[in-house]
Amino acid sequence: MSAAETRVYGKRLLKEAMPPRWKLYLLSVVCMLGVAGFTSALAYSTRLIVNDVFVAEDTSAAYYVAALVVGVSLGKSFFGYVNSIISAMFNRSIVSSYQKLLFRKLLAKDVRQFAGKHAAMQMSQVKLFGEACGKTVVGATNKLFLDIMVLLGLLAVMLLQDPLMTLLSAVIFPLIFFIVSTLSNRVRGAAGAETELTGAYFAVGAEAFEGIKTVKSYGLEKKSISKFEEAVTALETRLLGIVKITSATVPLMELLGGIVIGVFVVYAAWQTITNGKTPGEFTAFITAFLMAYQPAERISKTWVELQKSLVHVGRMFELFDEPSDQRKDGTKTLHDVSPALAFNDVSFFYNQKSKALDGIDFRLEAGDWVAVVGQSGAGKSTLIDLVQRFYDPQEGCIEIGGTDLRDLHHQALRDNIALISQDVFLFDGTIAENIRDGNPEATDEEVQKAALNAQLGDFLETLPNGLDTAVGPNGKGLSGGQKQRVGIARALAKKAKIYIFDEATSALDGENERKILETLVREMADTTILFVTHRPSTLDYVNKVLLLEKGHMTALESPGVMRATNTHYRALFHNEDAPQDAQTSA
Ligand SMILES: Nc1ncnc2c1ncn2[C@@H]1O[C@H](COP(=O)(O)OP(=O)(O)OP(=O)(O)O)[C@@H](O)[C@H]1O
């Protein structure tokens, strides 16, 4: 990212982040001016110490000068303390608000934009970019501002003591500028890769813990450790590279300062001896110079560090600016519409080479229960992803109740479709909370009913807290079958018009599956249901079977007709040999 680009992003951040916090910032400016004023006064007081007390040999002056020094130090400390608190508040408030905003923006992106990205990667971006916003704003408006104020105050003290020498010391500024801009360019280059490396560090670590059972049972500890160590080393090398660059500012500045002091000592000796300059003036100048040295060092260091944060801020704004969903959202709703589902000559491909679905054409009426079947890779998951509009088909259109999905408001679609997938995801909360995720308005009775319909009754009776039992992260406290039933209860609570059961009963025993399906028959006669299934038992409950082969729909018939006439179907469900042209199961 170029310096010009980072500048644009930096300005944009300041424009967004400063106005809502202007009152706090005003208070901080008062404190910074206080610190700068008292720091300059402290440097100036050395002139009084040397001239009024030591040169004049006046002991009584020592009292008022001492009182003055104590008073000035007190003022500097007070304003410094209040300013540190304000800048910490400022930092936290900006970090939190941008982390919240970034999380929202990421979550609003459509499913395709997450393909191939690790969840830990997303979270590391939220953390890193949010912190970079805090560092940028506090660095630019507080750290830099404060040090510049202090530097200007001390320069004023130096000017008062010796204007010529002050101007001579200013020749180091172009040198400082050159050093700082060289280091800044190098930091910007190095900072870009830090985001990816931090993401990889979290992703590799999280992967090992998420798959801990696989790691243990296949003895993959060594592989996981070596992958993690590689990620840590790569991150460490990169971070060290950045530290080497940012840390170079301080010694380089010290070297320049040392040269100036050396020149000044010779000049001051000559001035004091030949031109009658007072030792107090010499002391005040050198003190102001030495004190100015620290803020000048900090300014260059802060500036170089800012470049790194600005690269992260830039990355964050690039993410903000990417449209969350490139597809247009419709405006229509599905009120009072029957959930007839139609695919009109639909084709879809993930990549140009081969179509995952080719010319799919069918119409299902409200109340149709359809088993979507086919060999692995035939296109079943793609078909249900299209129904949920995770993707749009490149050819043809899909309609619910006669309305093209592209004309529907996305919320209308979400409200009317419930998906229960094989790998049910549960949030870390109670069973009741997870069921209520299907319908936040559901009453306690409705939650209870959904749980009973999903055959959770017997299980709940064994739990001291019943529905209020915590399920653990992603339902890790439940068995696979219990988790699936909570997922089914959540979908039932939603009262959608179209249900998609994607191998949703795969972890259930035959009896529980049968009871759930019988409940569905009672409660959901008018609902359109798609079952993606490999289980013959489910076929007893459907009135149609949609057979997919290599992306083509080759049949849509009742299970009876399919069994009597379709050899591919019999090969899939009734253990007959597949016909010659059937593809091999993946
Ligand atoms: N995200 C993707 N990117 C590229 N190709 C994909 C993607 N997802 C699926 N495919 C390809 O699309 C085709 C259909 O895949 P799909 O997952 O829909 O099949 P499926 O019938 O659900 O298989 P299974 O029963 O194994 O889940 C396959 O050839 C698959 O390799």
# chains A, B, ... in the order shown; residues from 1 in each chain; ligands from 1
>>> select_by_dssp(residues="range 508-544 of chain A", states="strand (DSSP E)", output="number ranges by chain")
A: 528-532, 544
>>> write_last_selection(atoms="N, CA and C atoms", output="PDB file, in the first residue's frame")
ATOM      1  N   THR A 528     -43.697 -27.279   2.123  1.00  0.00           N
ATOM      2  CA  THR A 528     -42.867 -27.950   1.115  1.00  0.00           C
ATOM      3  C   THR A 528     -41.581 -28.385   1.808  1.00  0.00           C
ATOM      4  N   ILE A 529     -41.252 -29.654   1.663  1.00  0.00           N
ATOM      5  CA  ILE A 529     -40.027 -30.127   2.338  1.00  0.00           C
ATOM      6  C   ILE A 529     -39.126 -30.844   1.338  1.00  0.00           C
ATOM      7  N   LEU A 530     -37.857 -30.457   1.370  1.00  0.00           N
ATOM      8  CA  LEU A 530     -36.842 -31.164   0.567  1.00  0.00           C
ATOM      9  C   LEU A 530     -35.988 -31.968   1.534  1.00  0.00           C
ATOM     10  N   PHE A 531     -35.849 -33.253   1.268  1.00  0.00           N
ATOM     11  CA  PHE A 531     -34.945 -34.075   2.078  1.00  0.00           C
ATOM     12  C   PHE A 531     -33.769 -34.475   1.196  1.00  0.00           C
ATOM     13  N   VAL A 532     -32.590 -34.031   1.537  1.00  0.00           N
ATOM     14  CA  VAL A 532     -31.410 -34.569   0.849  1.00  0.00           C
ATOM     15  C   VAL A 532     -31.015 -35.771   1.690  1.00  0.00           C
ATOM     16  N   LYS A 544     -42.468 -37.557  -3.569  1.00  0.00           N
ATOM     17  CA  LYS A 544     -41.712 -37.492  -4.828  1.00  0.00           C
ATOM     18  C   LYS A 544     -40.235 -37.754  -4.562  1.00  0.00           C
TER      19      LYS A 544
END
>>> closest_atom_pairs(of="chain A", to="ligand 1", cutoff="9 Å", atoms="only C-alpha atoms and all ligand atoms", output="CSV")
residue,atom,partner,partner_atom_place_in_ligand_line,distance
A:Arg112,CA,ligand 1,1 (N),8.1
A:Ala115,CA,ligand 1,1 (N),6.9
A:Gly116,CA,ligand 1,1 (N),8.4
A:Phe349,CA,ligand 1,12 (O),7.4
A:Tyr350,CA,ligand 1,4 (C),4.8
A:Asn351,CA,ligand 1,4 (C),6.5
A:Ser354,CA,ligand 1,29 (O),8.0
A:Lys355,CA,ligand 1,12 (O),7.5
A:Ala356,CA,ligand 1,13 (C),4.4
A:Leu357,CA,ligand 1,14 (C),7.4
A:Val373,CA,ligand 1,21 (O),7.7
A:Gly374,CA,ligand 1,21 (O),6.2
A:Gln375,CA,ligand 1,25 (O),6.0
A:Ser376,CA,ligand 1,26 (O),3.6
A:Gly377,CA,ligand 1,19 (O),3.4
A:Ala378,CA,ligand 1,21 (O),3.9
A:Gly379,CA,ligand 1,18 (O),3.2
A:Lys380,CA,ligand 1,21 (O),3.8
A:Ser381,CA,ligand 1,22 (O),3.6
A:Thr382,CA,ligand 1,18 (O),3.7
A:Leu383,CA,ligand 1,18 (O),6.5
A:Ile384,CA,ligand 1,18 (O),8.2
A:Asp385,CA,ligand 1,18 (O),8.3
A:Val532,CA,ligand 1,22 (O),8.3
A:Thr533,CA,ligand 1,25 (O),8.5
A:His534,CA,ligand 1,25 (O),8.4
A:Leu548,CA,ligand 1,21 (O),7.7
A:Glu549,CA,ligand 1,21 (O),8.5
A:Lys550,CA,ligand 1,29 (O),7.6
A:Gly551,CA,ligand 1,14 (C),6.9
A:Ser585,CA,ligand 1,26 (O),8.4
A:Ala586,CA,ligand 1,26 (O),7.0
>>> closest_atom_pairs(of="range 451-560 of chain A", to="range 366-371 of chain A", cutoff="12 Å", atoms="only C-alpha atoms", output="tab-separated table")
residue	atom	partner	partner_atom	distance
A:Lys497	CA	A:Ala366	CA	8.5
A:Ile498	CA	A:Ala366	CA	8.6
A:Tyr499	CA	A:Trp369	CA	9.4
A:Ile500	CA	A:Val370	CA	9.7
A:Phe501	CA	A:Ala371	CA	9.3
A:Asp502	CA	A:Ala371	CA	10.0
A:Glu503	CA	A:Ala371	CA	10.5
A:Leu517	CA	A:Trp369	CA	11.2
A:Leu520	CA	A:Trp369	CA	10.5
A:Val521	CA	A:Trp369	CA	9.7
A:Arg522	CA	A:Gly367	CA	11.9
A:Glu523	CA	A:Gly367	CA	11.2
A:Met524	CA	A:Gly367	CA	7.8
A:Ala525	CA	A:Gly367	CA	5.6
A:Asp526	CA	A:Gly367	CA	4.1
A:Thr527	CA	A:Gly367	CA	4.7
A:Thr528	CA	A:Gly367	CA	4.8
A:Ile529	CA	A:Trp369	CA	4.7
A:Leu530	CA	A:Val370	CA	4.9
A:Phe531	CA	A:Ala371	CA	4.6
A:Val532	CA	A:Ala371	CA	5.9
A:Thr533	CA	A:Ala371	CA	6.6
A:His534	CA	A:Ala371	CA	9.2
A:Arg535	CA	A:Ala371	CA	9.9
A:Pro536	CA	A:Ala371	CA	10.0
A:Ser537	CA	A:Ala371	CA	11.0
A:Thr538	CA	A:Ala371	CA	7.9
A:Leu539	CA	A:Ala371	CA	6.8
A:Asp540	CA	A:Ala371	CA	10.0
A:Tyr541	CA	A:Trp369	CA	7.6
A:Val542	CA	A:Trp369	CA	4.8
A:Asn543	CA	A:Trp369	CA	5.6
A:Lys544	CA	A:Val370	CA	4.7
A:Val545	CA	A:Ala371	CA	4.7
A:Leu546	CA	A:Ala371	CA	6.0
A:Leu547	CA	A:Ala371	CA	8.2
A:Leu548	CA	A:Ala371	CA	10.6
A:Ala555	CA	A:Ala371	CA	11.4
A:Leu556	CA	A:Val370	CA	8.9
A:Glu557	CA	A:Val370	CA	9.4
A:Ser558	CA	A:Val370	CA	8.9
A:Pro559	CA	A:Ala371	CA	8.9
>>> closest_atom_pairs(of="range 341-421 of chain A", to="range 480-487 of chain A", cutoff="12 Å", atoms="only C-alpha atoms", output="tab-separated table")
residue	atom	partner	partner_atom	distance
A:Ala418	CA	A:Gly487	CA	10.4
A:Leu419	CA	A:Gly487	CA	9.1
A:Ile420	CA	A:Gly487	CA	6.3
A:Ser421	CA	A:Gly487	CA	8.1
>>> closest_residue(among="A:Phe78, A:Phe573, A:Gly10, A:Gly477", to="Cys31 in chain A", atoms="only C-alpha atoms")
A:Phe78
>>> closest_residue(among="A:Asn453, A:Phe317, A:Pro464, A:Gly211", to="Val8 in chain A", atoms="only C-alpha atoms")
A:Phe317
